[in-house]
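Below is final_20.cif, holding mmCIF, C-alpha atoms and all ligand atoms.
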data_target
#
loop_
_atom_site.label_atom_id
_atom_site.label_comp_id
_atom_site.auth_asym_id
_atom_site.auth_seq_id
_atom_site.Cartn_x
_atom_site.Cartn_y
_atom_site.Cartn_z
CA MET V 1 3.53 -16.09 -50.89
CA ASP V 2 0.91 -15.15 -53.46
CA THR V 3 0.80 -11.86 -55.30
CA ARG V 4 -0.21 -11.11 -58.87
CA VAL V 5 3.44 -11.19 -59.94
CA THR V 6 4.15 -14.59 -58.40
CA LYS V 7 1.15 -15.92 -60.36
CA MET V 8 2.15 -14.11 -63.55
CA LEU V 9 5.66 -15.58 -63.46
CA GLY V 10 5.12 -18.90 -61.70
CA ILE V 11 7.49 -18.20 -58.78
CA ASP V 12 7.20 -19.01 -55.06
CA PHE V 13 8.31 -15.65 -53.61
CA PRO V 14 7.96 -12.15 -55.08
CA ILE V 15 11.71 -11.52 -54.93
CA PHE V 16 13.43 -10.40 -58.12
CA ALA V 17 17.20 -10.28 -58.42
CA PHE V 18 18.87 -7.93 -60.85
CA THR V 19 22.36 -9.31 -61.38
CA HIS V 20 25.18 -9.40 -63.92
CA CYS V 21 26.19 -12.79 -62.61
CA ARG V 22 24.63 -15.91 -64.06
CA ASP V 23 25.37 -17.92 -60.89
CA VAL V 24 23.35 -15.46 -58.79
CA ALA V 25 20.49 -15.43 -61.32
CA ALA V 26 20.28 -19.23 -61.28
CA ALA V 27 20.56 -19.41 -57.49
CA VAL V 28 17.73 -16.92 -56.95
CA SER V 29 15.44 -18.73 -59.40
CA ASN V 30 16.29 -22.03 -57.71
CA ALA V 31 15.50 -20.49 -54.32
CA GLY V 32 11.98 -19.59 -55.49
CA GLY V 33 12.50 -16.00 -56.67
CA LEU V 34 13.25 -14.73 -60.18
CA GLY V 35 16.83 -14.21 -61.29
CA VAL V 36 17.14 -11.52 -63.97
CA LEU V 37 20.42 -11.35 -65.86
CA GLY V 38 21.70 -7.87 -66.76
CA ALA V 39 22.70 -8.25 -70.39
CA VAL V 40 23.54 -4.74 -71.63
CA ALA V 41 27.26 -5.54 -71.86
CA HIS V 42 26.84 -9.08 -73.25
CA THR V 43 27.47 -10.02 -76.85
CA PRO V 44 24.62 -12.11 -78.30
CA GLU V 45 26.99 -15.13 -78.24
CA GLN V 46 27.83 -14.63 -74.54
CA LEU V 47 24.16 -14.16 -73.70
CA ASP V 48 23.32 -17.39 -75.49
CA VAL V 49 25.97 -19.27 -73.48
CA ASP V 50 24.85 -17.73 -70.16
CA LEU V 51 21.12 -18.31 -70.71
CA LYS V 52 21.77 -21.89 -71.75
CA TRP V 53 23.77 -22.38 -68.57
CA ILE V 54 21.06 -20.79 -66.40
CA ALA V 55 18.38 -22.93 -68.06
CA GLU V 56 20.42 -26.07 -67.32
CA GLN V 57 20.91 -25.05 -63.69
CA THR V 58 17.31 -24.05 -63.07
CA LYS V 59 15.65 -27.04 -64.76
CA GLY V 60 12.47 -25.38 -65.92
CA ARG V 61 12.27 -22.65 -63.28
CA PRO V 62 11.73 -19.18 -64.75
CA PHE V 63 14.41 -16.49 -65.17
CA GLY V 64 14.57 -13.14 -66.95
CA VAL V 65 16.82 -10.76 -68.87
CA ASP V 66 17.38 -7.03 -68.32
CA LEU V 67 18.52 -4.40 -70.84
CA LEU V 68 19.23 -0.69 -70.74
CA ILE V 69 17.03 1.18 -73.18
CA PRO V 70 17.88 4.83 -72.55
CA ARG V 71 15.63 7.52 -73.96
CA LYS V 72 18.59 9.87 -74.37
CA TYR V 73 22.08 8.87 -75.43
CA VAL V 74 24.75 10.22 -77.75
CA GLY V 75 23.72 9.27 -81.28
CA ALA V 76 20.08 8.47 -80.44
CA GLU V 77 18.83 10.55 -83.41
CA SER V 78 20.62 8.29 -85.87
CA GLY V 79 19.90 5.07 -83.95
CA GLY V 80 23.44 4.70 -82.64
CA ILE V 81 26.99 5.63 -83.64
CA ASP V 82 29.88 3.34 -84.56
CA PHE V 83 32.82 2.81 -82.23
CA ALA V 84 35.36 4.83 -84.21
CA SER V 85 33.09 7.89 -84.35
CA LEU V 86 32.39 7.65 -80.62
CA GLN V 87 36.10 7.40 -79.93
CA SER V 88 36.77 10.52 -82.01
CA MET V 89 34.29 12.45 -79.86
CA LEU V 90 36.28 11.99 -76.62
CA PRO V 91 37.81 15.38 -75.71
CA ASP V 92 41.58 15.48 -75.07
CA GLU V 93 40.95 17.61 -71.99
CA HIS V 94 38.99 14.76 -70.38
CA LYS V 95 41.59 12.14 -71.28
CA GLU V 96 44.41 14.27 -69.87
CA TRP V 97 42.53 14.93 -66.64
CA ILE V 98 42.01 11.18 -66.12
CA ASP V 99 45.66 10.43 -66.90
CA GLU V 100 46.71 13.00 -64.28
CA LEU V 101 44.32 11.51 -61.71
CA LEU V 102 45.70 8.02 -62.30
CA ALA V 103 49.28 9.28 -62.18
CA ARG V 104 48.56 10.89 -58.79
CA TYR V 105 47.59 7.43 -57.46
CA GLY V 106 50.50 5.66 -59.14
CA VAL V 107 48.26 3.55 -61.40
CA PRO V 108 50.41 1.93 -64.09
CA GLU V 109 49.55 1.85 -67.79
CA LEU V 110 48.14 -1.37 -69.24
CA PRO V 111 50.59 -3.68 -70.95
CA SER V 112 50.12 -2.87 -74.66
CA ALA V 113 48.61 -6.24 -75.64
CA GLU V 114 45.93 -5.81 -73.00
CA SER V 115 45.33 -2.26 -74.09
CA GLU V 116 44.52 -3.43 -77.62
CA ARG V 117 42.16 -6.11 -76.36
CA GLU V 118 40.47 -3.55 -74.19
CA GLN V 119 40.00 -1.18 -77.14
CA ARG V 120 38.08 -3.84 -79.00
CA GLY V 121 35.87 -4.68 -76.05
CA MET V 122 35.13 -1.13 -75.06
CA ALA V 123 32.21 -0.34 -77.31
CA GLY V 124 30.40 -2.89 -75.14
CA LEU V 125 27.14 -1.14 -74.15
CA ARG V 126 24.30 -2.35 -76.36
CA ILE V 127 21.85 0.48 -75.81
CA ASP V 128 20.79 1.31 -79.38
CA PRO V 129 18.05 -0.64 -81.17
CA LYS V 130 20.41 -2.15 -83.76
CA SER V 131 22.86 -3.70 -81.31
CA MET V 132 20.14 -4.57 -78.78
CA ALA V 133 17.84 -6.46 -81.17
CA PRO V 134 20.07 -9.58 -81.40
CA LEU V 135 20.15 -9.79 -77.58
CA ILE V 136 16.38 -9.74 -77.52
CA ASP V 137 16.23 -12.50 -80.14
CA VAL V 138 18.56 -14.62 -78.00
CA ALA V 139 16.43 -13.95 -74.92
CA PHE V 140 13.26 -15.08 -76.70
CA ALA V 141 15.01 -18.13 -78.13
CA HIS V 142 15.63 -19.16 -74.50
CA LYS V 143 12.01 -18.50 -73.56
CA VAL V 144 12.85 -16.04 -70.79
CA ALA V 145 10.02 -15.41 -68.36
CA LEU V 146 10.54 -11.64 -68.22
CA ILE V 147 12.17 -8.87 -70.23
CA ALA V 148 13.02 -5.88 -68.05
CA SER V 149 14.49 -2.54 -69.04
CA ALA V 150 15.78 0.63 -67.45
CA LEU V 151 16.45 4.29 -68.32
CA GLY V 152 13.53 4.73 -70.68
CA THR V 153 10.16 3.39 -71.79
CA PRO V 154 10.52 0.20 -73.81
CA PRO V 155 9.84 0.92 -77.49
CA ALA V 156 6.61 -0.33 -79.09
CA TRP V 157 8.45 -2.89 -81.25
CA LEU V 158 9.87 -4.53 -78.14
CA VAL V 159 6.57 -4.63 -76.26
CA GLU V 160 4.82 -6.07 -79.33
CA LYS V 161 7.50 -8.67 -79.88
CA ALA V 162 7.49 -9.69 -76.22
CA HIS V 163 3.72 -9.99 -76.13
CA ALA V 164 3.72 -12.01 -79.36
CA ASN V 165 6.07 -14.38 -77.50
CA ARG V 166 3.81 -14.25 -74.41
CA THR V 167 6.66 -12.72 -72.39
CA PRO V 168 5.77 -10.05 -69.83
CA VAL V 169 7.69 -6.76 -69.99
CA ALA V 170 8.83 -4.83 -66.91
CA ALA V 171 10.34 -1.34 -66.84
CA LEU V 172 12.11 0.64 -64.14
CA ALA V 173 10.86 4.09 -63.18
CA GLY V 174 12.46 6.61 -60.84
CA ARG V 175 9.71 9.21 -61.31
CA LEU V 176 5.94 9.17 -61.53
CA ASP V 177 5.82 10.50 -65.10
CA HIS V 178 8.18 7.73 -66.24
CA ALA V 179 5.90 5.13 -64.63
CA VAL V 180 2.85 6.57 -66.38
CA ALA V 181 4.70 6.53 -69.72
CA HIS V 182 5.55 2.85 -69.13
CA LYS V 183 1.89 2.11 -68.47
CA GLU V 184 0.87 3.86 -71.68
CA ALA V 185 3.44 1.80 -73.59
CA GLY V 186 1.74 -1.39 -72.41
CA VAL V 187 4.27 -2.80 -69.93
CA ASP V 188 3.05 -5.60 -67.66
CA ILE V 189 5.01 -4.69 -64.50
CA VAL V 190 6.35 -1.32 -63.35
CA ILE V 191 9.43 -1.33 -61.10
CA ALA V 192 9.43 1.80 -58.94
CA GLN V 193 13.05 2.40 -58.02
CA GLY V 194 13.93 4.90 -55.31
CA THR V 195 17.09 6.97 -55.09
CA GLU V 196 18.54 4.65 -52.42
CA GLY V 197 19.15 2.00 -55.07
CA GLY V 198 22.44 1.03 -56.63
CA GLY V 199 23.12 1.79 -60.28
CA HIS V 200 21.24 4.42 -62.29
CA THR V 201 18.82 6.10 -60.01
CA GLY V 202 16.63 9.17 -59.66
CA GLU V 203 16.17 11.56 -56.76
CA ILE V 204 12.97 10.35 -55.09
CA ALA V 205 13.05 7.94 -52.16
CA THR V 206 11.44 4.50 -52.41
CA MET V 207 9.09 5.26 -49.48
CA VAL V 208 7.69 8.26 -51.34
CA LEU V 209 7.78 6.91 -54.90
CA VAL V 210 6.23 3.46 -54.54
CA PRO V 211 2.73 4.35 -53.25
CA GLN V 212 2.40 7.10 -55.86
CA VAL V 213 3.38 4.73 -58.66
CA VAL V 214 1.08 2.00 -57.32
CA ASP V 215 -1.88 4.40 -57.50
CA ALA V 216 -0.95 5.92 -60.84
CA VAL V 217 -0.41 2.72 -62.83
CA ALA V 218 -3.17 0.57 -61.27
CA PRO V 219 -4.16 -2.10 -62.14
CA ILE V 220 -0.62 -2.82 -63.38
CA PRO V 221 1.35 -4.52 -60.59
CA VAL V 222 4.36 -2.70 -59.16
CA LEU V 223 7.65 -3.98 -57.76
CA ALA V 224 9.51 -1.82 -55.25
CA ALA V 225 13.24 -1.32 -55.75
CA GLY V 226 15.95 0.66 -54.01
CA GLY V 227 16.91 0.11 -50.39
CA ILE V 228 15.50 -3.41 -50.04
CA ALA V 229 17.80 -6.09 -48.67
CA THR V 230 15.96 -7.61 -45.72
CA GLY V 231 12.58 -9.08 -44.86
CA ARG V 232 11.50 -6.03 -42.90
CA GLN V 233 12.23 -3.84 -45.92
CA MET V 234 10.35 -6.31 -48.11
CA ALA V 235 7.34 -6.18 -45.77
CA ALA V 236 7.47 -2.37 -45.91
CA ALA V 237 7.44 -2.52 -49.71
CA LEU V 238 4.37 -4.78 -49.67
CA ALA V 239 2.74 -2.41 -47.16
CA LEU V 240 3.29 0.43 -49.66
CA GLY V 241 1.25 -1.49 -52.21
CA ALA V 242 4.03 -3.18 -54.15
CA GLU V 243 3.45 -6.80 -55.17
CA GLY V 244 7.08 -7.76 -54.93
CA VAL V 245 10.63 -6.50 -54.54
CA TRP V 246 13.42 -5.98 -57.07
CA CYS V 247 16.87 -6.01 -55.48
CA GLY V 248 20.31 -5.37 -56.97
CA SER V 249 22.91 -4.52 -54.34
CA VAL V 250 22.26 -7.30 -51.84
CA TRP V 251 23.51 -10.02 -54.22
CA LEU V 252 26.91 -8.37 -54.73
CA THR V 253 28.42 -9.80 -51.54
CA THR V 254 26.95 -13.29 -51.89
CA HIS V 255 29.26 -16.28 -52.31
CA GLU V 256 28.01 -16.76 -55.87
CA ALA V 257 28.69 -13.18 -57.03
CA GLU V 258 31.68 -12.50 -59.26
CA THR V 259 32.38 -9.25 -57.40
CA SER V 260 36.14 -8.64 -57.24
CA PRO V 261 37.76 -9.22 -53.82
CA VAL V 262 38.65 -5.52 -53.38
CA ILE V 263 35.11 -4.34 -54.10
CA ARG V 264 33.66 -7.07 -51.91
CA GLU V 265 35.96 -6.04 -49.05
CA LYS V 266 35.01 -2.36 -49.46
CA PHE V 267 31.28 -3.19 -49.59
CA LEU V 268 31.42 -5.36 -46.45
CA ALA V 269 33.12 -2.50 -44.58
CA ALA V 270 31.01 0.40 -45.93
CA THR V 271 28.19 2.19 -44.14
CA SER V 272 25.01 3.55 -45.68
CA ALA V 273 26.63 7.01 -45.71
CA ASP V 274 29.35 5.82 -48.10
CA THR V 275 27.53 5.97 -51.46
CA ARG V 276 27.23 8.81 -53.97
CA ARG V 277 25.07 9.51 -57.00
CA SER V 278 27.68 10.21 -59.65
CA ARG V 279 27.82 10.53 -63.44
CA SER V 280 31.47 9.53 -63.45
CA LEU V 281 31.11 5.95 -64.71
CA THR V 282 28.33 6.09 -67.31
CA GLY V 283 27.41 9.74 -67.88
CA LYS V 284 24.02 9.31 -66.18
CA PRO V 285 23.55 9.63 -62.41
CA ALA V 286 24.21 6.25 -60.83
CA ARG V 287 24.65 5.35 -57.17
CA MET V 288 28.02 3.84 -56.34
CA LEU V 289 30.47 3.54 -53.50
CA ARG V 290 32.11 6.85 -52.63
CA SER V 291 35.83 6.66 -53.38
CA ALA V 292 38.73 8.87 -54.42
CA TRP V 293 37.38 8.42 -57.98
CA THR V 294 33.91 9.86 -57.24
CA ASP V 295 35.45 12.60 -55.05
CA ALA V 296 37.80 13.64 -57.86
CA TRP V 297 34.89 13.96 -60.32
CA ASP V 298 33.06 16.15 -57.78
CA GLU V 299 35.97 18.58 -57.51
CA ALA V 300 35.82 22.02 -59.12
CA ASP V 301 38.63 21.27 -61.59
CA ALA V 302 36.97 18.09 -62.89
CA PRO V 303 35.59 18.10 -66.43
CA ALA V 304 31.83 17.66 -66.83
CA PRO V 305 31.03 13.98 -67.43
CA LEU V 306 30.12 13.18 -71.05
CA GLY V 307 26.83 11.69 -72.23
CA MET V 308 26.07 7.97 -72.37
CA PRO V 309 27.84 5.94 -73.79
CA LEU V 310 30.77 8.38 -74.25
CA GLN V 311 31.56 8.53 -70.53
CA SER V 312 31.71 4.71 -70.29
CA LEU V 313 34.06 4.70 -73.24
CA LEU V 314 36.13 7.51 -71.74
CA VAL V 315 36.68 5.77 -68.40
CA ALA V 316 36.82 2.11 -69.50
CA GLU V 317 40.57 1.89 -69.79
CA ALA V 318 41.13 3.87 -66.57
CA GLN V 319 38.80 1.53 -64.69
CA ARG V 320 40.62 -1.45 -66.08
CA ARG V 321 43.97 0.01 -65.05
CA ILE V 322 42.71 0.62 -61.52
CA HIS V 323 41.19 -2.85 -61.10
CA ARG V 324 44.22 -4.61 -62.57
CA VAL V 325 46.43 -3.49 -59.69
CA ALA V 326 44.03 -2.68 -56.83
CA HIS V 327 43.85 -6.29 -55.59
CA LYS V 328 47.41 -5.99 -54.29
CA ALA V 329 47.17 -5.09 -50.61
CA GLU V 330 49.82 -2.37 -50.87
CA SER V 331 48.40 -0.87 -54.10
CA SER V 332 48.14 2.92 -54.15
CA ALA V 333 45.23 2.49 -56.61
CA ARG V 334 42.90 1.06 -53.92
CA PRO V 335 41.33 4.38 -52.84
CA LEU V 336 40.09 4.91 -56.42
CA VAL V 337 38.11 1.66 -56.55
CA THR V 338 34.35 2.13 -56.80
CA TYR V 339 31.41 0.15 -58.11
CA PHE V 340 27.65 0.55 -58.32
CA VAL V 341 25.88 -0.13 -55.03
CA GLY V 342 22.96 1.30 -53.09
CA GLN V 343 22.59 2.57 -49.55
CA VAL V 344 21.84 -0.97 -48.34
CA VAL V 345 25.60 -1.50 -48.59
CA GLY V 346 25.58 -0.55 -44.89
CA GLN V 347 23.52 -3.68 -44.19
CA MET V 348 25.73 -5.97 -46.25
CA ASN V 349 28.21 -6.88 -43.52
CA VAL V 350 28.72 -10.63 -43.95
CA ALA V 351 29.08 -12.70 -47.10
CA MET V 352 26.18 -15.16 -47.43
CA SER V 353 24.92 -17.66 -49.95
CA THR V 354 22.30 -16.36 -52.36
CA ARG V 355 19.88 -19.01 -51.12
CA ASP V 356 20.29 -17.77 -47.53
CA VAL V 357 19.64 -14.16 -48.60
CA VAL V 358 16.35 -15.25 -50.18
CA ARG V 359 15.42 -17.46 -47.20
CA GLU V 360 16.20 -14.75 -44.64
CA MET V 361 14.26 -12.21 -46.67
CA VAL V 362 11.18 -14.43 -46.82
CA GLU V 363 11.36 -15.36 -43.12
CA GLY V 364 12.00 -11.77 -42.07
CA CYS V 365 9.09 -10.58 -44.18
CA LEU V 366 6.71 -13.11 -42.65
CA ASP V 367 7.89 -12.18 -39.12
CA ALA V 368 7.34 -8.49 -39.85
CA MET V 369 3.87 -9.14 -41.25
CA GLU V 370 2.97 -11.19 -38.18
CA ARG V 371 4.29 -8.50 -35.89
CA MET V 372 2.21 -5.88 -37.69
CA HIS V 373 -0.82 -8.13 -37.51
CA GLY V 374 -0.22 -8.32 -33.75
CA LEU V 375 -0.54 -4.54 -33.56
CA LEU V 376 -4.22 -4.94 -34.33
CA GLY V 377 -4.76 -6.35 -30.81
CA GLY V 378 -7.52 -8.77 -29.94
CA GLU V 379 -7.09 -12.55 -29.77
C1 LIG C 1 25.90 -3.21 -59.80
C2 LIG C 1 24.57 -2.74 -60.28
C3 LIG C 1 24.34 -2.61 -61.65
C4 LIG C 1 23.07 -2.26 -62.11
N1 LIG C 1 22.85 -2.22 -63.47
C5 LIG C 1 21.57 -2.17 -63.92
C6 LIG C 1 21.25 -2.43 -65.30
O1 LIG C 1 22.12 -2.68 -66.14
N2 LIG C 1 19.94 -2.42 -65.64
C7 LIG C 1 18.95 -2.19 -64.73
O2 LIG C 1 17.77 -2.26 -65.08
N3 LIG C 1 19.23 -1.90 -63.45
C8 LIG C 1 20.50 -1.92 -63.01
N4 LIG C 1 20.76 -1.70 -61.69
C9 LIG C 1 19.68 -1.33 -60.77
C10 LIG C 1 18.97 -2.57 -60.26
O3 LIG C 1 18.18 -3.12 -61.30
C11 LIG C 1 18.01 -2.26 -59.09
O4 LIG C 1 16.97 -1.44 -59.50
C12 LIG C 1 18.68 -1.61 -57.89
O5 LIG C 1 19.89 -2.26 -57.58
C13 LIG C 1 17.72 -1.68 -56.70
O6 LIG C 1 18.23 -1.05 -55.58
P1 LIG C 1 19.19 -1.78 -54.51
O7 LIG C 1 20.54 -1.66 -55.10
O8 LIG C 1 19.01 -0.96 -53.28
O9 LIG C 1 18.73 -3.19 -54.36
C14 LIG C 1 22.04 -1.99 -61.19
C15 LIG C 1 22.30 -2.06 -59.82
C16 LIG C 1 23.54 -2.42 -59.34
C17 LIG C 1 23.77 -2.52 -57.86
#
Once more with this new file: its structure as structure tokens, please.
Amino acid sequence: MDTRVTKMLGIDFPIFAFTHCRDVAAAVSNAGGLGVLGAVAHTPEQLDVDLKWIAEQTKGRPFGVDLLIPRKYVGAESGGIDFASLQSMLPDEHKEWIDELLARYGVPELPSAESEREQRGMAGLRIDPKSMAPLIDVAFAHKVALIASALGTPPAWLVEKAHANRTPVAALAGRLDHAVAHKEAGVDIVIAQGTEGGGHTGEIATMVLVPQVVDAVAPIPVLAAGGIATGRQMAAALALGAEGVWCGSVWLTTHEAETSPVIREKFLAATSADTRRSRSLTGKPARMLRSAWTDAWDEADAPAPLGMPLQSLLVAEAQRRIHRVAHKAESSARPLVTYFVGQVVGQMNVAMSTRDVVREMVEGCLDAMERMHGLLGGE
């Protein structure tokens, strides 16, 4: 399949995989798409190890890296805040409310050694320029084919650096004005992500957003994201004017994904009505599986979620406590388990290999295009 993005990146199919899992990223690139590794929670050392591994697995095929570059976050004015200061900003009221919620579901405390380890790892989100810059250096050292970013327009220094390295830059947009700002900043690809999508997401549906973005940012090519997991959905995205698709949720139930067994089980059983947009994990609205956790944060007595990255810091230990015990079949913590996923979770009913997901998507897309061609009538 030939679109401007397949030519720009040297790939066979215009299928982009956002994933936190290096095995999925490598498998998608090897299947002819472009695997893009989500690196916001990596240390530079981990990213170096993972990109080296992906490069070995993909033997010259292209792959990319994705970062979160939020426009607004706690401490943005000063370019980021240190861990101890962030920790001191967590209100007692919020901590007590979470402790009560976990007590209600019988979630045990962490053993103290684990708790200490967790404390050190918790500052993990590299969203400020100072902690992000080393990740970008590692990405360029591995000659990534694409740098993508979400939650804000990539800063000029990043676009300049990427272009000096001849690396295209892509940025996610959930609204038309965000897409236009990305264009003005000089990005090479705009990813129009509809509200159906998993993870941080806006309020406008993919069907409505994509054609508007395509028109507004022309001639910059657009990828459609949010609600795309099959070939028919891919064909629809191309019909809307997108030159490729950017998918996140569909990889989470593949054999290669590192998704925990409890989450995998919940995803395979869920319907498209079982997701919520919630600020409860990161402070910004993100689509995730509805669970007792998201319901509790929607209740009247719940505290207002904090800003990014305070909310992630606030809930990190609670999430760890839940996941540590939820794999036990009889665990009372199970109802609390949630994770980012989009409405396509209702279509993710059997675990498949990543390669088969890509193959079925391509075949389904071609079938749909042929069927539509048939609607024209004639010979
Ligand atoms: C588990 C998960 C985590 C995500 N984290 C990020 C992220 O760190 N950076 C990013 O650009 N997008 C992130 N996204 C959004 C994806 O890039 C993508 O736009 C979205 O998944 C597309 O919609 P879909 O889930 O319907 O395929 C995430 C999505 C999921 C499902």
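Closest approach to Ile54 (chain V) among V:Ala236, V:Val40, V:Ala139, V:Val262 is made by V:Ala139 (distances from only C-alpha atoms).
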For region 70-86 of chain V, find every residue with an atom within 9 Å (counting all atoms listed in the file), except residues of its own chain fewer than 2 positions away, and show them as a PyMOL selection string. chain V and resi 68+88-90+122-123+127-131+149-154+307-310+313
Which residues form the shell of 9 Å around ligand LIG 1 (chain C) when you count only C-alpha atoms and all ligand atoms, given as a ChimeraX atom specification? /V:17-20,36-41,66-69,148-151,171-172,191-201,224-229,245-252,286-288,339-345
With C-alpha atoms retained, write the just-selected residues as a compact mmCIF listing (two decimals), in the coordinates of the input.
# COMPACT_ATOMS: atom_id res chain seq x y z
CA ALA V 17 17.20 -10.28 -58.42
CA PHE V 18 18.87 -7.93 -60.85
CA THR V 19 22.36 -9.31 -61.38
CA HIS V 20 25.18 -9.40 -63.92
CA VAL V 36 17.14 -11.52 -63.97
CA LEU V 37 20.42 -11.35 -65.86
CA GLY V 38 21.70 -7.87 -66.76
CA ALA V 39 22.70 -8.25 -70.39
CA VAL V 40 23.54 -4.74 -71.63
CA ALA V 41 27.26 -5.54 -71.86
CA ASP V 66 17.38 -7.03 -68.32
CA LEU V 67 18.52 -4.40 -70.84
CA LEU V 68 19.23 -0.69 -70.74
CA ILE V 69 17.03 1.18 -73.18
CA ALA V 148 13.02 -5.88 -68.05
CA SER V 149 14.49 -2.54 -69.04
CA ALA V 150 15.78 0.63 -67.45
CA LEU V 151 16.45 4.29 -68.32
CA ALA V 171 10.34 -1.34 -66.84
CA LEU V 172 12.11 0.64 -64.14
CA ILE V 191 9.43 -1.33 -61.10
CA ALA V 192 9.43 1.80 -58.94
CA GLN V 193 13.05 2.40 -58.02
CA GLY V 194 13.93 4.90 -55.31
CA THR V 195 17.09 6.97 -55.09
CA GLU V 196 18.54 4.65 -52.42
CA GLY V 197 19.15 2.00 -55.07
CA GLY V 198 22.44 1.03 -56.63
CA GLY V 199 23.12 1.79 -60.28
CA HIS V 200 21.24 4.42 -62.29
CA THR V 201 18.82 6.10 -60.01
CA ALA V 224 9.51 -1.82 -55.25
CA ALA V 225 13.24 -1.32 -55.75
CA GLY V 226 15.95 0.66 -54.01
CA GLY V 227 16.91 0.11 -50.39
CA ILE V 228 15.50 -3.41 -50.04
CA ALA V 229 17.80 -6.09 -48.67
CA VAL V 245 10.63 -6.50 -54.54
CA TRP V 246 13.42 -5.98 -57.07
CA CYS V 247 16.87 -6.01 -55.48
CA GLY V 248 20.31 -5.37 -56.97
CA SER V 249 22.91 -4.52 -54.34
CA VAL V 250 22.26 -7.30 -51.84
CA TRP V 251 23.51 -10.02 -54.22
CA LEU V 252 26.91 -8.37 -54.73
CA ALA V 286 24.21 6.25 -60.83
CA ARG V 287 24.65 5.35 -57.17
CA MET V 288 28.02 3.84 -56.34
CA TYR V 339 31.41 0.15 -58.11
CA PHE V 340 27.65 0.55 -58.32
CA VAL V 341 25.88 -0.13 -55.03
CA GLY V 342 22.96 1.30 -53.09
CA GLN V 343 22.59 2.57 -49.55
CA VAL V 344 21.84 -0.97 -48.34
CA VAL V 345 25.60 -1.50 -48.59
Within 10 Å of region 333-338 of chain V, which residues of region 225-272 of chain V show up? Give each one with its shortest atom-to-atom distance in Å (one decimal) and the two atoms involved, counting all atoms listed in the file, rows by chain then rising residue number, as JSON lines.
{"residue": "V:Val262", "atom": "CA", "partner": "V:Arg334", "partner_atom": "CA", "distance": 7.9}
{"residue": "V:Ile263", "atom": "CA", "partner": "V:Thr338", "partner_atom": "CA", "distance": 7.1}
{"residue": "V:Lys266", "atom": "CA", "partner": "V:Thr338", "partner_atom": "CA", "distance": 8.6}
{"residue": "V:Phe267", "atom": "CA", "partner": "V:Thr338", "partner_atom": "CA", "distance": 9.5}
Given the point (2.7, 1.7, -61.8) in the file's coordinates, find the residues that have an atom at most 8 Å from it, counting only C-alpha atoms, and give them as JSON, numbers by chain. {"V": [179, 180, 182, 183, 189, 190, 191, 192, 213, 214, 215, 216, 217, 218, 219, 220, 221, 222]}
Kindly output region 293-301 of chain V as a CSV table (one decimal), keeping the file's coordinate frame, after building N, CA, C and O atoms.
chain,number,residue,atom,x,y,z
V,293,TRP,N,37.8,8.2,-56.6
V,293,TRP,CA,37.4,8.4,-58.0
V,293,TRP,C,36.2,9.3,-58.0
V,293,TRP,O,36.1,10.3,-58.7
V,294,THR,N,35.1,9.0,-57.2
V,294,THR,CA,33.9,9.9,-57.2
V,294,THR,C,34.2,11.2,-56.7
V,294,THR,O,33.7,12.3,-57.2
V,295,ASP,N,35.1,11.3,-55.6
V,295,ASP,CA,35.4,12.6,-55.0
V,295,ASP,C,36.1,13.5,-56.1
V,295,ASP,O,35.9,14.7,-56.2
V,296,ALA,N,37.0,12.9,-56.9
V,296,ALA,CA,37.8,13.6,-57.9
V,296,ALA,C,36.8,14.2,-58.9
V,296,ALA,O,37.0,15.4,-59.3
V,297,TRP,N,35.8,13.5,-59.3
V,297,TRP,CA,34.9,14.0,-60.3
V,297,TRP,C,34.0,15.0,-59.7
V,297,TRP,O,33.3,15.8,-60.5
V,298,ASP,N,33.9,15.1,-58.4
V,298,ASP,CA,33.1,16.2,-57.8
V,298,ASP,C,33.8,17.4,-57.6
V,298,ASP,O,33.3,18.5,-57.2
V,299,GLU,N,35.2,17.4,-57.8
V,299,GLU,CA,36.0,18.6,-57.5
V,299,GLU,C,35.8,19.6,-58.6
V,299,GLU,O,35.4,19.3,-59.7
V,300,ALA,N,36.1,20.9,-58.2
V,300,ALA,CA,35.8,22.0,-59.1
V,300,ALA,C,36.6,21.9,-60.4
V,300,ALA,O,36.1,22.3,-61.5
V,301,ASP,N,37.8,21.3,-60.4
V,301,ASP,CA,38.6,21.3,-61.6
V,301,ASP,C,38.2,20.1,-62.5
V,301,ASP,O,38.8,20.0,-63.6
